[in-house]
file coords_34.cif (mmCIF, C-alpha atoms and all ligand atoms)
data_entry
#
loop_
_atom_site.label_atom_id
_atom_site.label_comp_id
_atom_site.auth_asym_id
_atom_site.auth_seq_id
_atom_site.Cartn_x
_atom_site.Cartn_y
_atom_site.Cartn_z
CA MET A 1 -8.48 18.53 -10.15
CA SER A 2 -9.05 15.10 -8.75
CA VAL A 3 -7.07 15.05 -5.54
CA THR A 4 -9.17 12.90 -3.22
CA PRO A 5 -9.19 12.73 0.61
CA ILE A 6 -7.02 9.90 1.92
CA ARG A 7 -8.72 7.52 4.39
CA LEU A 8 -7.03 7.12 7.77
CA LEU A 9 -6.40 4.09 9.96
CA GLY A 10 -9.68 3.24 11.66
CA ASP A 11 -11.66 3.53 8.42
CA PRO A 12 -13.10 0.07 7.65
CA VAL A 13 -12.36 0.43 3.91
CA LEU A 14 -8.68 -0.06 4.76
CA ARG A 15 -9.52 -3.49 6.21
CA SER A 16 -11.67 -4.72 3.32
CA PRO A 17 -10.04 -6.88 0.63
CA ALA A 18 -10.37 -5.18 -2.75
CA ASP A 19 -11.93 -6.76 -5.84
CA PRO A 20 -10.01 -7.51 -9.03
CA VAL A 21 -10.50 -5.06 -11.87
CA VAL A 22 -12.60 -6.61 -14.63
CA ASP A 23 -13.49 -3.63 -16.84
CA PHE A 24 -10.60 -1.60 -18.20
CA ASP A 25 -12.89 1.29 -19.03
CA LYS A 26 -13.05 5.06 -18.73
CA GLU A 27 -14.00 4.80 -15.03
CA LEU A 28 -10.86 2.82 -14.32
CA ARG A 29 -8.68 5.32 -16.15
CA ARG A 30 -10.24 8.07 -14.06
CA LEU A 31 -9.49 6.10 -10.89
CA VAL A 32 -5.83 5.75 -11.96
CA ARG A 33 -5.67 9.49 -12.61
CA ASP A 34 -7.25 10.32 -9.23
CA LEU A 35 -4.92 7.94 -7.42
CA THR A 36 -1.83 9.33 -9.13
CA GLU A 37 -2.80 12.98 -8.60
CA THR A 38 -3.61 12.31 -4.94
CA LEU A 39 -0.31 10.48 -4.48
CA LEU A 40 1.71 13.28 -6.05
CA ASP A 41 -0.16 15.87 -3.99
CA ALA A 42 0.59 13.92 -0.78
CA ARG A 43 4.22 13.33 -1.86
CA GLY A 44 4.05 9.66 -0.99
CA ALA A 45 5.78 6.67 -2.59
CA GLY A 46 2.60 4.72 -3.22
CA LEU A 47 -1.17 4.87 -2.88
CA ALA A 48 -3.69 2.05 -3.18
CA ALA A 49 -7.31 2.50 -4.30
CA PRO A 50 -8.84 1.52 -0.91
CA GLN A 51 -6.97 4.50 0.58
CA ILE A 52 -9.25 6.79 -1.41
CA GLY A 53 -12.28 4.63 -0.65
CA VAL A 54 -12.36 2.49 -3.80
CA GLY A 55 -12.35 -1.29 -3.35
CA LEU A 56 -10.46 -2.22 -6.52
CA ARG A 57 -7.04 -3.82 -6.94
CA VAL A 58 -5.14 -0.79 -8.22
CA PHE A 59 -2.20 1.17 -6.89
CA SER A 60 -0.07 4.09 -8.04
CA PHE A 61 3.58 4.67 -7.23
CA ASP A 62 6.19 7.40 -7.44
CA VAL A 63 9.54 5.83 -6.67
CA ASP A 64 12.97 7.06 -7.79
CA ASP A 65 11.32 9.53 -10.19
CA VAL A 66 9.30 6.79 -11.88
CA ILE A 67 5.56 7.42 -11.73
CA GLY A 68 3.29 4.53 -12.62
CA HIS A 69 0.45 2.27 -11.62
CA LEU A 70 -0.34 -1.42 -11.47
CA ILE A 71 -3.69 -3.17 -11.69
CA ASN A 72 -4.46 -6.65 -10.30
CA PRO A 73 -0.89 -7.06 -9.05
CA VAL A 74 0.60 -10.45 -8.33
CA LEU A 75 3.97 -10.48 -6.61
CA HIS A 76 6.80 -12.91 -7.21
CA PHE A 77 9.97 -13.04 -5.15
CA PRO A 78 13.01 -14.09 -7.17
CA ASP A 79 15.20 -14.76 -4.12
CA GLU A 80 15.22 -14.87 -0.32
CA GLU A 81 16.96 -11.54 0.30
CA GLU A 82 15.35 -9.23 2.87
CA GLN A 83 15.55 -5.54 3.71
CA ASP A 84 14.80 -3.79 6.98
CA GLY A 85 14.19 -0.05 7.16
CA PRO A 86 11.73 2.73 7.91
CA GLU A 87 8.26 2.40 6.43
CA GLY A 88 5.26 4.69 6.64
CA CYS A 89 1.78 4.96 5.16
CA LEU A 90 -0.31 7.91 3.97
CA SER A 91 -3.21 6.39 5.94
CA ILE A 92 -1.09 6.39 9.13
CA PRO A 93 0.48 9.83 8.78
CA GLY A 94 3.62 10.72 10.68
CA VAL A 95 4.32 7.17 11.88
CA TYR A 96 7.49 5.50 10.59
CA VAL A 97 8.68 2.17 11.92
CA ASP A 98 11.38 -0.18 10.64
CA THR A 99 9.65 -2.94 8.71
CA LYS A 100 11.12 -6.08 7.20
CA ARG A 101 10.33 -6.68 3.55
CA ARG A 102 11.70 -8.72 0.71
CA GLN A 103 14.50 -6.90 -1.11
CA ASN A 104 13.56 -7.95 -4.65
CA VAL A 105 10.20 -8.33 -6.26
CA VAL A 106 8.70 -8.94 -9.67
CA ALA A 107 5.21 -7.44 -9.72
CA LYS A 108 3.02 -8.62 -12.58
CA GLY A 109 -0.28 -7.04 -13.53
CA PHE A 110 -1.87 -4.73 -16.05
CA ASN A 111 -1.80 -1.08 -17.04
CA ARG A 112 -4.96 1.05 -17.37
CA HIS A 113 -5.46 -0.10 -20.94
CA GLY A 114 -5.46 -3.76 -19.93
CA ASP A 115 -2.00 -4.54 -21.31
CA PRO A 116 0.02 -6.99 -19.21
CA ILE A 117 3.03 -5.32 -17.58
CA GLN A 118 5.60 -6.27 -15.00
CA ILE A 119 7.67 -4.19 -12.64
CA VAL A 120 11.04 -5.56 -11.58
CA GLY A 121 11.97 -3.72 -8.43
CA SER A 122 14.42 -3.80 -5.57
CA GLY A 123 14.84 -1.71 -2.44
CA LEU A 124 12.24 1.05 -2.20
CA MET A 125 10.33 -0.08 -5.29
CA ALA A 126 10.09 -3.61 -3.90
CA ARG A 127 9.00 -2.24 -0.52
CA CYS A 128 6.37 -0.08 -2.21
CA ALA A 129 4.97 -2.98 -4.28
CA GLN A 130 4.65 -5.15 -1.15
CA HIS A 131 3.12 -2.34 0.94
CA GLU A 132 0.56 -1.39 -1.73
CA THR A 133 -0.38 -4.97 -2.60
CA ASP A 134 -0.94 -5.56 1.12
CA HIS A 135 -3.42 -2.66 1.07
CA LEU A 136 -5.44 -4.52 -1.56
CA ASP A 137 -5.74 -7.43 0.90
CA GLY A 138 -6.76 -5.15 3.78
CA VAL A 139 -3.32 -5.50 5.37
CA LEU A 140 -1.36 -2.55 6.79
CA PHE A 141 2.36 -2.28 7.47
CA VAL A 142 1.78 -2.26 11.24
CA ASP A 143 0.45 -5.82 10.82
CA ARG A 144 3.86 -6.85 9.50
CA LEU A 145 5.76 -5.78 12.61
CA ASP A 146 7.00 -8.01 15.39
CA ALA A 147 5.44 -7.45 18.82
CA ALA A 148 7.99 -4.88 20.06
CA ARG A 149 7.84 -2.77 16.92
CA ARG A 150 4.04 -3.01 16.77
CA LYS A 151 3.88 -1.67 20.31
CA GLU A 152 6.09 1.24 19.28
CA ALA A 153 3.87 1.92 16.27
CA MET A 154 0.64 1.78 18.28
CA LYS A 155 2.05 4.23 20.81
CA ALA A 156 2.95 6.66 18.02
CA ILE A 157 -0.52 6.19 16.50
CA ARG A 158 -2.30 6.90 19.78
CA GLU A 159 -0.23 10.04 20.20
CA SER A 160 -1.06 11.24 16.67
CA GLU A 161 -3.24 14.28 16.18
CA TRP A 162 -5.49 12.44 13.72
CA TYR A 163 -6.05 9.42 15.98
CA ASN A 164 -9.72 8.87 16.71
CA PRO A 165 -10.51 6.77 19.79
CA GLU A 166 -14.11 6.46 18.53
CA ALA A 167 -12.81 4.43 15.58
CA PRO A 168 -9.78 2.70 17.07
CA PRO A 169 -7.44 1.04 14.59
CA LEU A 170 -7.62 -2.71 14.22
CA VAL A 171 -4.19 -4.25 14.01
CA LYS A 172 -3.96 -7.82 12.82
CA VAL A 173 -1.36 -10.15 14.21
CA SER A 174 0.67 -12.11 11.67
CA PRO A 175 -2.10 -12.22 9.03
CA HIS A 176 -0.13 -14.39 6.65
CA GLY A 177 2.09 -16.37 8.98
CA VAL A 178 5.79 -15.65 9.09
CA PHE A 179 6.55 -12.96 6.57
CA GLY A 180 9.58 -13.37 4.39
CA ARG A 181 9.60 -17.12 4.23
ZN ZN A 201 -0.03 2.59 2.93
#
call {"tool": "encode", "arguments": {"input": "coords_34.cif", "output": "structure tokens", "more": "lines below"}}
Ligand SMILES: [Zn+2]
result
Amino acid sequence: MSVTPIRLLGDPVLRSPADPVVDFDKELRRLVRDLTETLLDARGAGLAAPQIGVGLRVFSFDVDDVIGHLINPVLHFPDEEEQDGPEGCLSIPGVYVDTKRRQNVVAKGFNRHGDPIQIVGSGLMARCAQHETDHLDGVLFVDRLDAARRKEAMKAIRESEWYNPEAPPLVKVSPHGVFGR
């Protein structure tokens, strides 16, 4: 069993940019297995390695009955279409806020054996790829919200049972300029 505790907002590992994977070795395959088992156990849509305390550019997903992973992801947006809908995060449990994302994404990267792969996704898969790739840059979905929605999210966070005022969450404001441009 390799279900691993999920780090919560306030843990500095969630704010540290992750390193690219260089060695596609046994350790990496174990990380992918741990991530995937932890994700399935938590019943989430996606889980990035920093969320289990590992600073490598890897995430797992379970979207529309497709379970997979992507290593060293690079996102491409084939068009300008956007979506707006509820988003949550296993590191910010119980908090769901409408978040704007691109509707369509082509995510290029590698599988655990080092073979190049690409995921062409729309809707939830596209949202997941953007959310998880953000994690690898130390960015959380609450950073993507406009001021009013961020306020709503922070209120919900402060009211959460897991919220720890000793390690208050850092929320970045517009880390990458205007999102969706
Ligand atoms: Zn998340």
call {"tool": "residues_near_point", "arguments": {"input": "coords_34.cif", "point": "(-0.6, 8.2, 2.8)", "cutoff": "7 Å", "atoms": "all atoms listed in the file", "output": "MDAnalysis selection string"}}
result
chainID A and resid 6 42 44 47 89:93
call {"tool": "closest_residue", "arguments": {"input": "coords_34.cif", "among": "A:Arg7, A:His113, A:His69, A:Arg29", "to": "ligand ZN 201 (chain A)", "atoms": "only C-alpha atoms and all ligand atoms"}}
result
A:Arg7
call {"tool": "closest_residue", "arguments": {"input": "coords_34.cif", "among": "A:Leu140, A:Ala49, A:Val54, A:Ala107", "to": "ligand ZN 201 (chain A)", "atoms": "all atoms listed in the file"}}
result
A:Leu140
call {"tool": "closest_atom_pairs", "arguments": {"input": "coords_34.cif", "of": "chain A", "to": "ligand ZN 201 (chain A)", "cutoff": "12 Å", "atoms": "all atoms listed in the file", "output": "Markdown table"}}
result
| residue | atom | partner | partner_atom | distance |
| --- | --- | --- | --- | --- |
| A:Ile6 | CA | A:ZN201 | ZN | 10.2 |
| A:Arg7 | CA | A:ZN201 | ZN | 10.1 |
| A:Leu8 | CA | A:ZN201 | ZN | 9.6 |
| A:Leu9 | CA | A:ZN201 | ZN | 9.6 |
| A:Leu14 | CA | A:ZN201 | ZN | 9.2 |
| A:Arg15 | CA | A:ZN201 | ZN | 11.7 |
| A:Leu39 | CA | A:ZN201 | ZN | 10.8 |
| A:Ala42 | CA | A:ZN201 | ZN | 11.9 |
| A:Gly44 | CA | A:ZN201 | ZN | 9.1 |
| A:Ala45 | CA | A:ZN201 | ZN | 9.0 |
| A:Gly46 | CA | A:ZN201 | ZN | 7.0 |
| A:Leu47 | CA | A:ZN201 | ZN | 6.3 |
| A:Ala48 | CA | A:ZN201 | ZN | 7.1 |
| A:Ala49 | CA | A:ZN201 | ZN | 10.3 |
| A:Pro50 | CA | A:ZN201 | ZN | 9.7 |
| A:Gln51 | CA | A:ZN201 | ZN | 7.6 |
| A:Ile52 | CA | A:ZN201 | ZN | 11.0 |
| A:Phe59 | CA | A:ZN201 | ZN | 10.2 |
| A:Ser60 | CA | A:ZN201 | ZN | 11.1 |
| A:Phe61 | CA | A:ZN201 | ZN | 11.0 |
| A:Glu87 | CA | A:ZN201 | ZN | 9.0 |
| A:Gly88 | CA | A:ZN201 | ZN | 6.8 |
| A:Cys89 | CA | A:ZN201 | ZN | 3.7 |
| A:Leu90 | CA | A:ZN201 | ZN | 5.4 |
| A:Ser91 | CA | A:ZN201 | ZN | 5.8 |
| A:Ile92 | CA | A:ZN201 | ZN | 7.3 |
| A:Pro93 | CA | A:ZN201 | ZN | 9.3 |
| A:Gly94 | CA | A:ZN201 | ZN | 11.8 |
| A:Val95 | CA | A:ZN201 | ZN | 11.0 |
| A:Tyr96 | CA | A:ZN201 | ZN | 11.1 |
| A:Arg127 | CA | A:ZN201 | ZN | 10.8 |
| A:Cys128 | CA | A:ZN201 | ZN | 8.6 |
| A:Ala129 | CA | A:ZN201 | ZN | 10.4 |
| A:Gln130 | CA | A:ZN201 | ZN | 9.9 |
| A:His131 | CA | A:ZN201 | ZN | 6.2 |
| A:Glu132 | CA | A:ZN201 | ZN | 6.2 |
| A:Thr133 | CA | A:ZN201 | ZN | 9.4 |
| A:Asp134 | CA | A:ZN201 | ZN | 8.4 |
| A:His135 | CA | A:ZN201 | ZN | 6.5 |
| A:Leu136 | CA | A:ZN201 | ZN | 10.0 |
| A:Asp137 | CA | A:ZN201 | ZN | 11.7 |
| A:Gly138 | CA | A:ZN201 | ZN | 10.3 |
| A:Val139 | CA | A:ZN201 | ZN | 9.1 |
| A:Leu140 | CA | A:ZN201 | ZN | 6.6 |
| A:Phe141 | CA | A:ZN201 | ZN | 7.1 |
| A:Val142 | CA | A:ZN201 | ZN | 9.8 |
| A:Asp143 | CA | A:ZN201 | ZN | 11.5 |
call {"tool": "residues_around", "arguments": {"input": "coords_34.cif", "residues": "Glu82 of chain A", "least_positions_apart": "6", "cutoff": "9 Å", "atoms": "only C-alpha atoms", "output": "list in words"}}
result
Lys100, Arg101, Arg102, Gln103, Asn104 and Gly180 of chain A
call {"tool": "atom_distance", "arguments": {"input": "coords_34.cif", "atom1": "atom CA of His76 of chain A", "atom2": "atom CA of Gly121 of chain A"}}
result
10.6 Å
call {"tool": "atom_distance", "arguments": {"input": "coords_34.cif", "atom1": "atom CA of Pro86 of chain A", "atom2": "atom CA of Val171 of chain A"}}
result
18.4 Å
call {"tool": "residues_around", "arguments": {"input": "coords_34.cif", "residues": "Ser2 of chain A", "least_positions_apart": "5", "cutoff": "10 Å", "atoms": "all atoms listed in the file", "output": "PyMOL selection string"}}
result
chain A and resi 30-31+33-38
call {"tool": "closest_residue", "arguments": {"input": "coords_34.cif", "among": "A:Ser16, A:Thr4, A:Ser160, A:Asn72", "to": "Gln118 of chain A", "atoms": "all atoms listed in the file"}}
result
A:Asn72
call {"tool": "closest_residue", "arguments": {"input": "coords_34.cif", "among": "A:Asp98, A:Glu161, A:Asp84, A:Asp25", "to": "Ala148 of chain A", "atoms": "only C-alpha atoms"}}
result
A:Asp98
call {"tool": "residues_around", "arguments": {"input": "coords_34.cif", "residues": "Asn111 of chain A", "least_positions_apart": "6", "cutoff": "8 Å", "atoms": "only C-alpha atoms", "output": "list of chain:residue names"}}
result
A:His69, A:Leu70, A:Ile71, A:Ile117
call {"tool": "decode", "arguments": {"input": "coords_34.cif", "residues": "segment 110-139 of chain A", "atoms": "N, CA, C and O atoms", "output": "PDB file, in the first residue's frame"}}
result
ATOM      1  N   PHE A 110       5.745  13.124 -20.915  1.00  0.00           N
ATOM      2  CA  PHE A 110       6.295  11.770 -21.006  1.00  0.00           C
ATOM      3  C   PHE A 110       5.540  10.841 -20.060  1.00  0.00           C
ATOM      4  O   PHE A 110       5.000  11.285 -19.043  1.00  0.00           O
ATOM      5  N   ASN A 111       5.551   9.541 -20.389  1.00  0.00           N
ATOM      6  CA  ASN A 111       5.038   8.562 -19.435  1.00  0.00           C
ATOM      7  C   ASN A 111       6.193   8.074 -18.544  1.00  0.00           C
ATOM      8  O   ASN A 111       7.327   8.533 -18.684  1.00  0.00           O
ATOM      9  N   ARG A 112       5.911   7.142 -17.640  1.00  0.00           N
ATOM     10  CA  ARG A 112       6.904   6.739 -16.642  1.00  0.00           C
ATOM     11  C   ARG A 112       8.077   5.975 -17.237  1.00  0.00           C
ATOM     12  O   ARG A 112       9.071   5.736 -16.567  1.00  0.00           O
ATOM     13  N   HIS A 113       7.925   5.578 -18.494  1.00  0.00           N
ATOM     14  CA  HIS A 113       9.030   4.888 -19.157  1.00  0.00           C
ATOM     15  C   HIS A 113       9.887   5.845 -19.988  1.00  0.00           C
ATOM     16  O   HIS A 113      10.853   5.425 -20.621  1.00  0.00           O
ATOM     17  N   GLY A 114       9.472   7.133 -20.006  1.00  0.00           N
ATOM     18  CA  GLY A 114      10.231   8.120 -20.761  1.00  0.00           C
ATOM     19  C   GLY A 114       9.785   8.270 -22.201  1.00  0.00           C
ATOM     20  O   GLY A 114      10.431   8.969 -22.983  1.00  0.00           O
ATOM     21  N   ASP A 115       8.656   7.629 -22.554  1.00  0.00           N
ATOM     22  CA  ASP A 115       8.136   7.780 -23.920  1.00  0.00           C
ATOM     23  C   ASP A 115       7.342   9.075 -24.016  1.00  0.00           C
ATOM     24  O   ASP A 115       6.523   9.365 -23.137  1.00  0.00           O
ATOM     25  N   PRO A 116       7.542   9.851 -25.081  1.00  0.00           N
ATOM     26  CA  PRO A 116       6.748  11.075 -25.249  1.00  0.00           C
ATOM     27  C   PRO A 116       5.275  10.737 -25.453  1.00  0.00           C
ATOM     28  O   PRO A 116       4.940   9.825 -26.210  1.00  0.00           O
ATOM     29  N   ILE A 117       4.403  11.460 -24.746  1.00  0.00           N
ATOM     30  CA  ILE A 117       2.961  11.257 -24.917  1.00  0.00           C
ATOM     31  C   ILE A 117       2.291  12.621 -24.971  1.00  0.00           C
ATOM     32  O   ILE A 117       2.880  13.634 -24.572  1.00  0.00           O
ATOM     33  N   GLN A 118       1.082  12.663 -25.479  1.00  0.00           N
ATOM     34  CA  GLN A 118       0.312  13.900 -25.367  1.00  0.00           C
ATOM     35  C   GLN A 118      -1.138  13.583 -25.046  1.00  0.00           C
ATOM     36  O   GLN A 118      -1.680  12.561 -25.471  1.00  0.00           O
ATOM     37  N   ILE A 119      -1.727  14.454 -24.254  1.00  0.00           N
ATOM     38  CA  ILE A 119      -3.114  14.299 -23.853  1.00  0.00           C
ATOM     39  C   ILE A 119      -3.890  15.454 -24.464  1.00  0.00           C
ATOM     40  O   ILE A 119      -3.558  16.620 -24.233  1.00  0.00           O
ATOM     41  N   VAL A 120      -4.879  15.117 -25.296  1.00  0.00           N
ATOM     42  CA  VAL A 120      -5.726  16.141 -25.884  1.00  0.00           C
ATOM     43  C   VAL A 120      -7.005  16.145 -25.072  1.00  0.00           C
ATOM     44  O   VAL A 120      -7.735  15.154 -25.053  1.00  0.00           O
ATOM     45  N   GLY A 121      -7.234  17.233 -24.342  1.00  0.00           N
ATOM     46  CA  GLY A 121      -8.360  17.236 -23.426  1.00  0.00           C
ATOM     47  C   GLY A 121      -9.216  18.480 -23.566  1.00  0.00           C
ATOM     48  O   GLY A 121      -8.746  19.541 -23.969  1.00  0.00           O
ATOM     49  N   SER A 122     -10.502  18.323 -23.217  1.00  0.00           N
ATOM     50  CA  SER A 122     -11.369  19.492 -23.121  1.00  0.00           C
ATOM     51  C   SER A 122     -12.178  19.354 -21.839  1.00  0.00           C
ATOM     52  O   SER A 122     -12.176  18.298 -21.211  1.00  0.00           O
ATOM     53  N   GLY A 123     -12.841  20.425 -21.451  1.00  0.00           N
ATOM     54  CA  GLY A 123     -13.678  20.376 -20.260  1.00  0.00           C
ATOM     55  C   GLY A 123     -12.886  19.995 -19.026  1.00  0.00           C
ATOM     56  O   GLY A 123     -11.847  20.584 -18.724  1.00  0.00           O
ATOM     57  N   LEU A 124     -13.362  18.955 -18.324  1.00  0.00           N
ATOM     58  CA  LEU A 124     -12.744  18.568 -17.050  1.00  0.00           C
ATOM     59  C   LEU A 124     -11.281  18.133 -17.217  1.00  0.00           C
ATOM     60  O   LEU A 124     -10.429  18.464 -16.379  1.00  0.00           O
ATOM     61  N   MET A 125     -10.992  17.416 -18.299  1.00  0.00           N
ATOM     62  CA  MET A 125      -9.597  16.990 -18.509  1.00  0.00           C
ATOM     63  C   MET A 125      -8.687  18.198 -18.711  1.00  0.00           C
ATOM     64  O   MET A 125      -7.567  18.250 -18.187  1.00  0.00           O
ATOM     65  N   ALA A 126      -9.179  19.178 -19.451  1.00  0.00           N
ATOM     66  CA  ALA A 126      -8.389  20.402 -19.682  1.00  0.00           C
ATOM     67  C   ALA A 126      -8.216  21.161 -18.372  1.00  0.00           C
ATOM     68  O   ALA A 126      -7.127  21.664 -18.058  1.00  0.00           O
ATOM     69  N   ARG A 127      -9.290  21.225 -17.580  1.00  0.00           N
ATOM     70  CA  ARG A 127      -9.217  21.902 -16.274  1.00  0.00           C
ATOM     71  C   ARG A 127      -8.188  21.201 -15.383  1.00  0.00           C
ATOM     72  O   ARG A 127      -7.363  21.837 -14.727  1.00  0.00           O
ATOM     73  N   CYS A 128      -8.249  19.876 -15.373  1.00  0.00           N
ATOM     74  CA  CYS A 128      -7.333  19.089 -14.550  1.00  0.00           C
ATOM     75  C   CYS A 128      -5.875  19.330 -14.972  1.00  0.00           C
ATOM     76  O   CYS A 128      -5.007  19.565 -14.126  1.00  0.00           O
ATOM     77  N   ALA A 129      -5.610  19.296 -16.263  1.00  0.00           N
ATOM     78  CA  ALA A 129      -4.224  19.483 -16.745  1.00  0.00           C
ATOM     79  C   ALA A 129      -3.695  20.860 -16.349  1.00  0.00           C
ATOM     80  O   ALA A 129      -2.528  21.003 -15.949  1.00  0.00           O
ATOM     81  N   GLN A 130      -4.556  21.884 -16.413  1.00  0.00           N
ATOM     82  CA  GLN A 130      -4.125  23.235 -16.033  1.00  0.00           C
ATOM     83  C   GLN A 130      -3.903  23.333 -14.528  1.00  0.00           C
ATOM     84  O   GLN A 130      -2.905  23.905 -14.069  1.00  0.00           O
ATOM     85  N   HIS A 131      -4.832  22.757 -13.761  1.00  0.00           N
ATOM     86  CA  HIS A 131      -4.738  22.792 -12.295  1.00  0.00           C
ATOM     87  C   HIS A 131      -3.467  22.075 -11.821  1.00  0.00           C
ATOM     88  O   HIS A 131      -2.718  22.592 -10.982  1.00  0.00           O
ATOM     89  N   GLU A 132      -3.215  20.882 -12.374  1.00  0.00           N
ATOM     90  CA  GLU A 132      -2.072  20.084 -11.907  1.00  0.00           C
ATOM     91  C   GLU A 132      -0.743  20.681 -12.371  1.00  0.00           C
ATOM     92  O   GLU A 132       0.239  20.659 -11.631  1.00  0.00           O
ATOM     93  N   THR A 133      -0.714  21.215 -13.580  1.00  0.00           N
ATOM     94  CA  THR A 133       0.528  21.841 -14.052  1.00  0.00           C
ATOM     95  C   THR A 133       0.823  23.086 -13.223  1.00  0.00           C
ATOM     96  O   THR A 133       1.988  23.364 -12.900  1.00  0.00           O
ATOM     97  N   ASP A 134      -0.227  23.817 -12.837  1.00  0.00           N
ATOM     98  CA  ASP A 134      -0.037  24.944 -11.915  1.00  0.00           C
ATOM     99  C   ASP A 134       0.657  24.489 -10.624  1.00  0.00           C
ATOM    100  O   ASP A 134       1.562  25.161 -10.128  1.00  0.00           O
ATOM    101  N   HIS A 135       0.218  23.344 -10.085  1.00  0.00           N
ATOM    102  CA  HIS A 135       0.840  22.830  -8.852  1.00  0.00           C
ATOM    103  C   HIS A 135       2.355  22.708  -9.010  1.00  0.00           C
ATOM    104  O   HIS A 135       3.107  22.944  -8.067  1.00  0.00           O
ATOM    105  N   LEU A 136       2.795  22.313 -10.193  1.00  0.00           N
ATOM    106  CA  LEU A 136       4.224  22.087 -10.423  1.00  0.00           C
ATOM    107  C   LEU A 136       5.000  23.408 -10.455  1.00  0.00           C
ATOM    108  O   LEU A 136       6.224  23.424 -10.354  1.00  0.00           O
ATOM    109  N   ASP A 137       4.246  24.510 -10.605  1.00  0.00           N
ATOM    110  CA  ASP A 137       4.859  25.848 -10.559  1.00  0.00           C
ATOM    111  C   ASP A 137       4.606  26.526  -9.213  1.00  0.00           C
ATOM    112  O   ASP A 137       4.865  27.724  -9.063  1.00  0.00           O
ATOM    113  N   GLY A 138       4.055  25.788  -8.251  1.00  0.00           N
ATOM    114  CA  GLY A 138       3.763  26.369  -6.944  1.00  0.00           C
ATOM    115  C   GLY A 138       2.532  27.260  -6.943  1.00  0.00           C
ATOM    116  O   GLY A 138       2.353  28.088  -6.049  1.00  0.00           O
ATOM    117  N   VAL A 139       1.681  27.083  -7.946  1.00  0.00           N
ATOM    118  CA  VAL A 139       0.476  27.914  -8.089  1.00  0.00           C
ATOM    119  C   VAL A 139      -0.757  27.088  -7.721  1.00  0.00           C
ATOM    120  O   VAL A 139      -0.859  25.915  -8.095  1.00  0.00           O
TER     121      VAL A 139
END
